[in-house]
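The file start-v2.cif comes next; it holds mmCIF, C-alpha atoms and all ligand atoms.
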```cif
data_input
#
loop_
_atom_site.label_atom_id
_atom_site.label_comp_id
_atom_site.auth_asym_id
_atom_site.auth_seq_id
_atom_site.Cartn_x
_atom_site.Cartn_y
_atom_site.Cartn_z
CA MET D 470 -19.10 -7.28 -13.16
CA ILE D 471 -17.56 -9.40 -10.43
CA TYR D 472 -14.93 -7.18 -8.88
CA LEU D 473 -11.99 -9.09 -7.40
CA ASP D 474 -9.36 -6.36 -7.60
CA TYR D 475 -9.56 -4.71 -4.17
CA ALA D 476 -5.77 -4.42 -3.99
CA ALA D 477 -5.95 -2.02 -6.96
CA THR D 478 -8.69 0.03 -5.39
CA THR D 479 -11.71 -0.57 -3.15
CA PRO D 480 -15.27 0.56 -3.80
CA ILE D 481 -16.29 3.73 -1.96
CA THR D 482 -18.86 2.89 0.71
CA PRO D 483 -22.34 4.50 0.69
CA LEU D 484 -21.49 6.37 3.90
CA VAL D 485 -18.32 7.85 2.37
CA LYS D 486 -20.26 8.82 -0.77
CA GLU D 487 -22.94 10.51 1.33
CA GLY D 488 -20.32 12.34 3.41
CA ILE D 489 -18.56 13.61 0.29
CA TYR D 490 -21.87 14.74 -1.21
CA LEU D 491 -22.82 16.64 1.96
CA PHE D 492 -19.37 18.20 2.05
CA LEU D 493 -19.70 19.38 -1.55
CA ASN D 494 -22.97 21.04 -0.67
CA SER D 495 -21.67 22.72 2.46
CA GLY D 496 -19.97 25.72 0.87
CA PRO D 497 -16.40 26.82 0.30
CA ALA D 498 -13.79 25.38 2.64
CA ASN D 499 -10.16 26.38 3.04
CA ALA D 500 -8.76 25.30 6.39
CA SER D 501 -6.27 28.19 6.34
CA SER D 502 -8.91 30.94 6.14
CA VAL D 503 -9.61 32.82 9.37
CA HIS D 504 -13.35 33.43 8.88
CA GLN D 505 -16.10 31.11 10.05
CA ALA D 506 -16.15 29.04 6.85
CA GLY D 507 -12.42 28.57 7.26
CA GLN D 508 -12.88 27.54 10.88
CA ALA D 509 -15.47 24.96 9.84
CA ALA D 510 -13.00 23.61 7.28
CA HIS D 511 -10.29 23.56 9.91
CA HIS D 512 -12.58 21.54 12.15
CA ILE D 513 -12.99 18.88 9.40
CA LEU D 514 -9.23 18.72 9.01
CA SER D 515 -8.62 18.40 12.76
CA LYS D 516 -11.29 15.73 13.09
CA ALA D 517 -9.67 13.65 10.35
CA ARG D 518 -6.24 14.07 11.90
CA SER D 519 -7.45 13.05 15.31
CA GLN D 520 -9.39 10.07 13.93
CA LEU D 521 -6.37 8.82 12.01
CA ALA D 522 -4.10 9.39 15.02
CA SER D 523 -6.39 7.39 17.29
CA ILE D 524 -6.66 4.49 14.82
CA ILE D 525 -2.95 4.09 14.22
CA HIS D 526 -1.89 5.24 17.72
CA SER D 527 0.17 8.16 16.50
CA LYS D 528 0.32 11.80 17.50
CA GLU D 529 -1.58 14.30 15.35
CA LYS D 530 1.67 16.15 14.78
CA GLU D 531 3.08 13.03 13.13
CA ILE D 532 0.53 13.04 10.30
CA ILE D 533 1.28 14.60 6.91
CA PHE D 534 -1.61 14.35 4.46
CA THR D 535 -0.43 13.57 0.93
CA SER D 536 -2.05 12.85 -2.42
CA GLY D 537 -1.82 9.12 -1.69
CA GLY D 538 0.60 6.28 -1.09
CA THR D 539 2.84 7.24 -4.01
CA GLU D 540 3.51 10.72 -2.68
CA ALA D 541 3.88 9.42 0.89
CA ASN D 542 6.57 6.97 -0.28
CA ASN D 543 8.34 9.69 -2.29
CA LEU D 544 8.24 12.11 0.61
CA ALA D 545 9.63 9.53 3.03
CA ILE D 546 12.52 8.48 0.81
CA LEU D 547 13.42 11.67 -1.06
CA GLY D 548 12.43 14.04 1.74
CA PHE D 549 14.67 12.17 4.15
CA ALA D 550 17.56 11.89 1.65
CA GLN D 551 17.41 15.65 1.04
CA SER D 552 17.63 16.36 4.74
CA GLN D 553 21.01 14.63 4.87
CA SER D 554 24.40 16.12 4.08
CA HIS D 555 24.73 16.60 0.31
CA ASP D 556 28.45 16.08 0.04
CA LYS D 557 28.36 12.48 1.25
CA THR D 558 27.20 9.42 -0.66
CA GLN D 559 24.49 7.71 1.30
CA HIS D 560 23.52 4.08 1.25
CA PHE D 561 19.91 2.88 1.22
CA ILE D 562 18.34 -0.55 1.53
CA THR D 563 15.08 -1.64 -0.02
CA SER D 564 13.75 -4.76 -1.73
CA LYS D 565 13.11 -5.86 -5.29
CA ILE D 566 9.43 -6.44 -4.53
CA GLU D 567 8.48 -2.91 -3.46
CA HIS D 568 5.79 -0.84 -5.15
CA ALA D 569 6.93 1.19 -8.19
CA SER D 570 6.67 4.43 -6.18
CA VAL D 571 9.40 3.18 -3.82
CA LEU D 572 11.60 1.63 -6.51
CA SER D 573 11.42 4.73 -8.71
CA ALA D 574 12.33 7.03 -5.82
CA PHE D 575 15.41 4.92 -5.12
CA GLU D 576 16.34 4.82 -8.81
CA TYR D 577 16.25 8.61 -8.72
CA LEU D 578 18.57 8.65 -5.70
CA GLU D 579 20.95 6.35 -7.59
CA SER D 580 20.94 8.82 -10.48
CA LEU D 581 22.14 11.44 -7.97
CA GLY D 582 25.08 9.22 -7.05
CA HIS D 583 23.74 7.46 -3.96
CA GLU D 584 24.03 3.73 -3.45
CA VAL D 585 21.01 1.47 -3.11
CA THR D 586 20.90 -2.25 -2.19
CA TYR D 587 17.84 -4.05 -3.57
CA LEU D 588 17.24 -7.15 -1.47
CA SER D 589 15.89 -10.30 -3.10
CA PRO D 590 13.01 -12.06 -1.41
CA GLN D 591 13.34 -15.63 -0.16
CA SER D 592 11.53 -18.24 -2.26
CA SER D 593 8.62 -17.72 0.17
CA GLY D 594 8.36 -14.13 -1.11
CA CYS D 595 9.47 -12.49 2.15
CA ILE D 596 12.38 -10.23 3.02
CA THR D 597 14.27 -11.57 6.03
CA PRO D 598 15.72 -9.44 8.85
CA ASP D 599 18.93 -11.37 8.28
CA SER D 600 19.23 -10.14 4.70
CA VAL D 601 18.64 -6.56 5.90
CA ALA D 602 21.30 -6.99 8.63
CA LYS D 603 23.84 -8.30 6.11
CA ALA D 604 23.24 -5.37 3.75
CA ILE D 605 23.79 -2.65 6.38
CA GLN D 606 26.90 -0.54 5.81
CA LYS D 607 28.52 2.22 7.86
CA ASN D 608 26.80 4.89 5.74
CA THR D 609 23.35 3.25 5.55
CA ALA D 610 20.91 6.09 6.09
CA LEU D 611 17.51 4.52 5.57
CA VAL D 612 15.83 1.14 5.08
CA SER D 613 12.48 0.93 3.29
CA ILE D 614 10.61 -2.39 3.31
CA MET D 615 6.90 -2.77 2.65
CA TRP D 616 4.53 -4.40 5.13
CA THR D 617 2.17 -6.31 2.81
CA ASN D 618 3.14 -6.91 -0.78
CA ASN D 619 0.48 -5.59 -3.15
CA GLU D 620 0.91 -8.35 -5.72
CA ILE D 621 1.35 -11.55 -3.76
CA GLY D 622 -0.11 -10.52 -0.40
CA ASN D 623 2.85 -11.66 1.69
CA ASN D 624 3.57 -9.96 5.00
CA ASN D 625 7.19 -9.16 5.72
CA PRO D 626 8.53 -9.55 9.29
CA ILE D 627 8.16 -5.82 9.83
CA HIS D 628 8.51 -5.81 13.63
CA GLU D 629 11.86 -7.61 13.48
CA ILE D 630 13.19 -5.43 10.65
CA ALA D 631 12.04 -2.28 12.47
CA GLN D 632 13.74 -3.44 15.69
CA LEU D 633 16.95 -4.18 13.82
CA CYS D 634 17.01 -0.71 12.25
CA SER D 635 16.26 0.91 15.58
CA ASP D 636 19.13 -1.00 17.25
CA LYS D 637 21.48 0.22 14.52
CA ASN D 638 20.13 3.77 14.62
CA ILE D 639 18.97 3.64 11.00
CA ILE D 640 15.73 5.29 9.89
CA PHE D 641 13.10 2.74 8.87
CA HIS D 642 10.30 3.51 6.41
CA CYS D 643 7.47 1.09 5.76
CA ASP D 644 5.00 1.20 2.88
CA ALA D 645 1.88 0.02 4.70
CA VAL D 646 -0.61 0.91 1.97
CA GLN D 647 -1.87 -2.69 1.69
CA ALA D 648 -1.68 -3.36 5.42
CA LEU D 649 -3.99 -0.62 6.71
CA GLY D 650 -7.23 -2.27 7.75
CA TYR D 651 -5.70 -5.73 7.89
CA GLU D 652 -2.80 -5.44 10.34
CA ASP D 653 -2.70 -3.90 13.80
CA PHE D 654 -1.09 -0.50 13.79
CA GLN D 655 0.36 0.82 17.02
CA PHE D 656 2.66 3.48 15.64
CA ASP D 657 3.68 4.58 19.14
CA HIS D 658 4.84 1.04 19.95
CA LEU D 659 6.43 0.21 16.62
CA ASN D 660 10.01 1.05 15.80
CA ILE D 661 8.84 2.31 12.42
CA ASP D 662 9.97 5.89 11.78
CA MET D 663 7.81 6.56 8.72
CA LEU D 664 4.69 4.79 7.53
CA SER D 665 2.81 5.33 4.22
CA ILE D 666 -0.93 4.76 3.90
CA SER D 667 -3.61 5.47 1.30
CA SER D 668 -7.36 6.07 1.47
CA HIS D 669 -8.53 4.27 -1.66
CA LYS D 670 -7.43 0.88 -0.32
CA ILE D 671 -9.80 1.23 2.64
CA TYR D 672 -13.04 2.27 0.88
CA GLY D 673 -12.23 5.98 0.80
CA PRO D 674 -11.63 8.24 -2.21
CA SER D 675 -8.39 8.07 -4.21
CA GLY D 676 -5.98 10.99 -4.31
CA ILE D 677 -5.55 11.16 -0.55
CA GLY D 678 -3.21 9.38 1.84
CA ALA D 679 -0.71 10.16 4.54
CA LEU D 680 2.83 9.77 5.69
CA ILE D 681 3.09 9.20 9.43
CA VAL D 682 6.47 10.41 10.68
CA LYS D 683 8.07 10.34 14.10
CA THR D 684 8.91 13.96 14.89
CA ARG D 685 12.59 13.17 15.42
CA VAL D 686 13.00 12.13 11.74
CA PRO D 687 14.63 14.87 9.66
CA LEU D 688 12.56 15.55 6.57
CA LYS D 689 12.57 18.19 3.85
CA PRO D 690 9.39 18.97 1.89
CA LEU D 691 9.06 17.97 -1.75
CA ILE D 692 6.29 20.51 -2.30
CA PHE D 693 7.03 24.06 -1.18
CA GLY D 694 4.32 26.59 -0.51
CA GLY D 695 2.24 27.42 2.53
CA HIS D 696 2.61 26.31 6.10
CA GLN D 697 0.23 23.36 5.71
CA ASN D 698 1.14 19.97 7.18
CA TRP D 699 3.72 21.43 9.56
CA ASN D 700 5.55 23.10 6.66
CA LEU D 701 6.28 19.68 5.17
CA ARG D 702 3.74 19.68 2.34
CA GLY D 703 2.63 23.01 0.99
CA GLY D 704 -0.71 23.57 -0.73
CA THR D 705 -4.33 23.96 0.30
CA GLU D 706 -5.39 20.64 1.83
CA ASN D 707 -7.56 18.30 -0.20
CA LEU D 708 -10.36 18.63 2.32
CA LEU D 709 -12.84 16.68 0.23
CA GLY D 710 -10.46 13.72 0.14
CA ILE D 711 -9.47 14.12 3.77
CA HIS D 712 -13.12 14.15 4.83
CA GLY D 713 -13.86 11.02 2.77
CA PHE D 714 -10.74 9.35 4.20
CA GLN D 715 -11.89 10.18 7.72
CA ILE D 716 -15.31 8.60 7.19
CA ALA D 717 -13.69 5.51 5.66
CA LEU D 718 -11.35 5.29 8.67
CA THR D 719 -14.26 5.54 11.10
CA GLU D 720 -16.05 2.74 9.26
CA LEU D 721 -12.85 0.71 9.19
CA GLU D 722 -12.67 0.87 12.96
CA SER D 723 -16.19 -0.43 13.39
CA HIS D 724 -15.73 -3.20 10.79
CA ARG D 725 -12.21 -4.21 11.79
CA LEU D 726 -12.93 -7.64 13.27
CA GLU D 727 -15.69 -8.45 10.83
CA ASP D 728 -13.52 -7.44 7.84
CA LYS D 729 -10.61 -9.56 9.06
CA GLU D 730 -12.74 -12.65 9.57
CA HIS D 731 -14.50 -12.13 6.26
CA SER D 732 -11.32 -11.83 4.22
CA GLU D 733 -9.81 -14.89 5.94
CA ARG D 734 -12.96 -16.89 5.17
CA LEU D 735 -12.75 -15.84 1.51
CA PHE D 736 -9.04 -16.63 1.36
CA ILE D 737 -9.50 -20.14 2.73
CA HIS D 738 -12.42 -20.73 0.39
CA ALA D 739 -10.58 -19.51 -2.72
CA LEU D 740 -7.46 -21.44 -1.80
CA GLY D 741 -9.52 -24.60 -1.30
CA LEU D 742 -10.97 -24.23 -4.81
CA LEU D 743 -7.64 -23.63 -6.54
CA LYS D 744 -4.81 -25.30 -4.67
CA ASN D 745 -5.37 -28.89 -5.80
CA ASN D 746 -5.60 -28.02 -9.46
CA PRO D 747 -2.44 -29.46 -11.09
CA LYS D 748 -2.41 -26.54 -13.55
CA ILE D 749 -2.23 -23.97 -10.74
CA CYS D 750 0.77 -22.96 -8.67
CA ILE D 751 0.05 -20.73 -5.64
CA ASN D 752 2.50 -17.81 -5.29
CA THR D 753 1.19 -16.32 -2.04
CA ASN D 754 3.03 -17.45 1.06
CA LEU D 755 0.44 -19.27 3.15
CA GLU D 756 2.32 -18.75 6.42
CA ASN D 757 2.85 -14.98 6.33
CA ARG D 758 -0.07 -13.66 4.41
CA SER D 759 -2.55 -10.89 4.46
CA ASN D 760 -5.85 -12.57 3.74
CA HIS D 761 -7.06 -10.22 1.03
CA ILE D 762 -4.72 -11.15 -1.84
CA LEU D 763 -4.22 -14.53 -3.51
CA ASN D 764 -1.74 -14.80 -6.36
CA PHE D 765 -1.24 -17.89 -8.51
CA THR D 766 0.27 -18.94 -11.82
CA ILE D 767 -1.58 -21.02 -14.39
CA LYS D 768 0.79 -23.35 -16.17
CA ASN D 769 1.08 -23.40 -19.96
CA ILE D 770 -1.56 -20.85 -20.75
CA ASP D 771 -1.32 -17.66 -22.79
CA GLY D 772 -1.61 -14.83 -20.28
CA GLU D 773 -2.97 -12.24 -22.66
CA SER D 774 -5.89 -14.33 -23.88
CA LEU D 775 -6.54 -15.53 -20.31
CA PHE D 776 -7.07 -11.97 -19.07
CA MET D 777 -9.03 -11.01 -22.16
CA ARG D 778 -11.44 -13.90 -21.64
CA LEU D 779 -11.84 -13.18 -17.93
CA ASP D 780 -12.56 -9.55 -18.73
CA MET D 781 -15.10 -10.48 -21.40
CA LEU D 782 -16.84 -12.73 -18.90
CA GLY D 783 -17.06 -9.79 -16.49
CA PHE D 784 -14.36 -10.64 -13.96
CA ALA D 785 -12.12 -7.84 -12.74
CA VAL D 786 -8.85 -9.37 -11.58
CA SER D 787 -5.31 -8.29 -12.19
CA ASN D 788 -1.99 -9.79 -13.12
CA GLY D 789 0.11 -7.55 -10.94
CA ALA D 790 0.07 -4.01 -9.67
CA ALA D 791 -2.63 -1.84 -11.25
CA CYS D 792 -0.17 0.23 -13.26
CA SER D 793 1.93 -2.67 -14.52
CA SER D 794 -1.19 -4.57 -15.57
CA GLY D 795 -2.12 -1.53 -17.68
CA ALA D 796 1.30 -1.63 -19.29
CA GLN D 797 1.11 -5.44 -19.79
CA LYS D 798 4.63 -5.82 -18.44
CA PRO D 799 5.57 -8.99 -16.54
CA SER D 800 5.38 -8.32 -12.81
CA HIS D 801 8.73 -7.37 -11.25
CA VAL D 802 7.59 -9.08 -8.04
CA LEU D 803 6.97 -12.44 -9.69
CA LYS D 804 10.22 -12.07 -11.64
CA ALA D 805 12.05 -11.50 -8.34
CA LEU D 806 10.48 -14.75 -7.14
CA GLY D 807 12.09 -16.54 -10.06
CA LYS D 808 9.14 -16.73 -12.46
CA SER D 809 9.81 -16.48 -16.19
CA ASP D 810 8.19 -13.70 -18.25
CA GLU D 811 5.59 -16.19 -19.52
CA GLU D 812 4.80 -17.46 -16.01
CA ALA D 813 4.51 -13.92 -14.69
CA GLN D 814 2.15 -13.02 -17.57
CA SER D 815 -0.09 -15.99 -16.84
CA SER D 816 -0.35 -15.23 -13.11
CA ILE D 817 -3.51 -13.87 -11.55
CA ARG D 818 -3.88 -11.61 -8.54
CA MET D 819 -7.31 -12.00 -6.98
CA SER D 820 -8.09 -9.61 -4.16
CA TRP D 821 -11.27 -9.07 -2.23
CA GLY D 822 -12.77 -7.14 0.64
CA ARG D 823 -15.83 -6.11 2.61
CA PHE D 824 -18.37 -6.49 -0.20
CA SER D 825 -17.00 -9.66 -1.81
CA THR D 826 -18.93 -12.90 -1.47
CA ILE D 827 -18.30 -16.65 -1.55
CA ASP D 828 -20.62 -16.83 -4.59
CA GLU D 829 -18.38 -14.41 -6.49
CA ILE D 830 -15.32 -16.54 -5.71
CA ASN D 831 -17.22 -19.65 -6.81
CA SER D 832 -18.24 -18.01 -10.11
CA PHE D 833 -14.67 -16.94 -10.74
CA ALA D 834 -13.23 -20.40 -10.01
CA LYS D 835 -15.82 -21.99 -12.31
CA ALA D 836 -15.10 -19.57 -15.16
CA LEU D 837 -11.37 -20.04 -14.71
CA GLN D 838 -11.72 -23.82 -14.85
CA ASN D 839 -13.68 -23.51 -18.11
CA ILE D 840 -10.97 -21.33 -19.62
CA ILE D 841 -8.22 -23.71 -18.49
CA ASP D 842 -10.16 -26.68 -19.94
C1 LIG X 901 1.92 -1.23 -1.69
C2 LIG X 901 1.49 0.01 -2.37
N1 LIG X 901 2.20 1.12 -2.19
C3 LIG X 901 1.86 2.29 -2.75
C4 LIG X 901 0.75 2.38 -3.56
C5 LIG X 901 0.39 3.71 -4.18
O1 LIG X 901 -0.70 4.26 -3.53
P1 LIG X 901 -1.59 5.39 -4.27
O2 LIG X 901 -2.37 4.65 -5.32
O3 LIG X 901 -2.45 5.95 -3.18
O4 LIG X 901 -0.67 6.38 -4.83
C6 LIG X 901 -0.02 1.24 -3.80
C7 LIG X 901 -1.19 1.29 -4.71
O5 LIG X 901 -1.50 0.35 -5.40
C8 LIG X 901 0.35 0.02 -3.17
O6 LIG X 901 -0.36 -1.09 -3.34
#
```

Since I need it in another form, could you write the structure as structure tokens?
Ligand SMILES: Cc1ncc(COP(=O)(O)O)c(C=O)c1O
Amino acid sequence: MIYLDYAATTPITPLVKEGIYLFLNSGPANASSVHQAGQAAHHILSKARSQLASIIHSKEKEIIFTSGGTEANNLAILGFAQSQSHDKTQHFITSKIEHASVLSAFEYLESLGHEVTYLSPQSSGCITPDSVAKAIQKNTALVSIMWTNNEIGNNNPIHEIAQLCSDKNIIFHCDAVQALGYEDFQFDHLNIDMLSISSHKIYGPSGIGALIVKTRVPLKPLIFGGHQNWNLRGGTENLLGIHGFQIALTELESHRLEDKEHSERLFIHALGLLKNNPKICINTNLENRSNHILNFTIKNIDGESLFMRLDMLGFAVSNGAACSSGAQKPSHVLKALGKSDEEAQSSIRMSWGRFSTIDEINSFAKALQNIID
């Protein structure tokens, strides 16, 4: 198989696998237990917290481990909304191109009677600070805009949007699940109040992620139980996942520059192979892009048979977010960009990473050309 679906999930590195294996063989571990085994578990937890804090320049106290990006997004949006006065209708701003975990959380808030503005992207696929500014109302409580879009790979002007929200005293949440490892995170210097990240997009195990929250942000837990995660997320910590995440983060640090250069090289190469084909229309914004995702539409082709043929030939690519590709629904992101259902269905998201090669991209482009022909 040629795996070009890193935006869905990344392969676990040998070092992470080895670390997880050693952990599994090291005996029982509950970081809340007071005996020596518990202390050893607590040490693993603290090490992961401190590693993550140093990579994203946050305080350890600002880190809440979650079951992944989905839970981090839910906790940011619903946990914040629940901390606010219940007798007032609040207003929220997000965009039409967010991940389903953000959109569904806002739909839930709407069902409770709150008001949500869903911003449309520009034709370039980005959300402008101007559109955020225009949508702000007196009762706007929170803005949630993603950093890198998981389907088209565009980067939103996050610094400007964060500054705008800070100037207006509005809490700003950013889904940075696709940006970790590709963009520079200086949480202490950003005006972002809450940031969601996930381990399985950076070569760690799935089922673990984090919400990074400035301590001044009011938040109510969604999961009640023990005192874990500063009383904001009850339940015995997923130490296996946290340990794997920590190893992946450590590797990420040492590969940062190399990874960035590699993905840019692959992006330029793939773009060069596809962009002059009259049957192909590139959907990724070439100005504000993360270099690991390239999305394009193939004109006048049946999407279903296209993906079936690619799969039969051994290519793993996607036509949207992992979950919507499973459901075979046209991508809501491409629809927000003005694509028809048919165009959205015949669009491909290629995404790559540390272990991808130029040869794999060449094989894919060749196979695609054969199918188009
Ligand atoms: C932008 C974005 N947000 C959130 C998520 C959800 O993360 P997780 O799979 O860890 O729940 C994803 C996963 O695809 C994503 O790409």

Task: Å distance separating CA of Asn746 (chain D) from CA of Leu763 (chain D), one decimal place - done: 14.8 Å

- [ ] Determine the nearest neighbour of Gln520 (chain D) from the options D:Leu688, D:Ala717, D:Ala574, D:Ile830, counting only C-alpha atoms.
- [x]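 The shortest atom-to-atom distance to Gln520 (chain D) comes from D:Ala717.
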
Task: Proximity to ligand LIG 901 (chain X) - best of D:Gln606, D:Ser592, D:Ser570, D:Gln814, only C-alpha atoms and all ligand atoms - done: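 For ligand LIG 901 (chain X), the nearest of the given residues is D:Ser570.
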
Task: Spatial neighbours of Glu829 (chain D), max dist 12 Å, all atoms listed in the file, sep filter under 5 positions, as a list in words - done: Met470, Ile471, Tyr472, Leu473, Leu735, His738, Ala739, Gly783, Phe784, Ala785, Val786, Met819, Ser820, Trp821, Gly822, Phe824, Ala834, Lys835 and Ala836 of chain D

Open item on the list: Given only C-alpha atoms as the basis, pick out the residue of D:Ser501, D:Gly582, D:Ser787, D:Ser800 nearest to Ala569 (chain D).
Closed with: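 Selected residue with least distance to Ala569 (chain D): D:Ser800.
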
Task: Selected residue, from D:Glu727, D:Asp662, D:Asp653, D:Glu756, that lies nearest to Cys595 (chain D) when counting only C-alpha atoms - done: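 Residue with the minimum atom-to-atom distance to Cys595 (chain D): D:Glu756.
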
- [ ] Choose the residue, out of D:His511, D:Lys486, D:Lys603, D:His669, that has the smallest atom-to-atom separation from ligand LIG 901 (chain X); count all atoms listed in the file.
- [x]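 Nearest candidate to ligand LIG 901 (chain X) out of D:His511, D:Lys486, D:Lys603, D:His669: D:His669.
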
TODO: For ligand LIG 901 (chain X), list the contacting residues at 10 Å or closer, counting only C-alpha atoms and all ligand atoms, as a PyMOL selection string.
DONE: chain D and resi 475-478+535-543+566-571+615-620+622+643-648+665-670+674-679+789-792

Open item on the list: Here is a test: counting only C-alpha atoms, which residue of D:Ile737, D:Leu708, D:Ile640, D:Leu547 is nearest to Leu514 (chain D)?
Closed with: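 Looking only at the distances to Leu514 (chain D), the closest residue turns out to be D:Leu708.
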
Using all atoms listed in the file, which residues sit within 8 Å of Gly673 (chain D) once same-chain residues fewer than 3 positions away are excluded, as a PDB file with C-alpha atoms, keeping the file's coordinate frame?
```
ATOM      1  CA  THR D 479     -11.710  -0.570  -3.150  1.00  0.00           C
ATOM      2  CA  PRO D 480     -15.270   0.560  -3.800  1.00  0.00           C
ATOM      3  CA  ILE D 481     -16.290   3.730  -1.960  1.00  0.00           C
ATOM      4  CA  THR D 482     -18.860   2.890   0.710  1.00  0.00           C
ATOM      5  CA  VAL D 485     -18.320   7.850   2.370  1.00  0.00           C
ATOM      6  CA  SER D 668      -7.360   6.070   1.470  1.00  0.00           C
ATOM      7  CA  HIS D 669      -8.530   4.270  -1.660  1.00  0.00           C
ATOM      8  CA  LYS D 670      -7.430   0.880  -0.320  1.00  0.00           C
ATOM      9  CA  GLY D 710     -10.460  13.720   0.140  1.00  0.00           C
ATOM     10  CA  GLY D 713     -13.860  11.020   2.770  1.00  0.00           C
ATOM     11  CA  PHE D 714     -10.740   9.350   4.200  1.00  0.00           C
ATOM     12  CA  ILE D 716     -15.310   8.600   7.190  1.00  0.00           C
ATOM     13  CA  ALA D 717     -13.690   5.510   5.660  1.00  0.00           C
ATOM     14  CA  LEU D 718     -11.350   5.290   8.670  1.00  0.00           C
TER      15      LEU D 718
END
```

TODO: Take CA of Glu812 (chain D) and CA of Lys768 (chain D) and report the distance between them in Å, one decimal.
DONE: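 According to the coordinates, CA of Glu812 (chain D) and CA of Lys768 (chain D) are separated by 7.1 Å.
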
Open item on the list: Around the point (-9.6, -13.0, -18.8) (coordinates from the file), which residues reach within 12 Å if we count all atoms listed in the file? Answer as a ChimeraX atom specification.
Closed with: /D:770-788,814-818,833,836-841
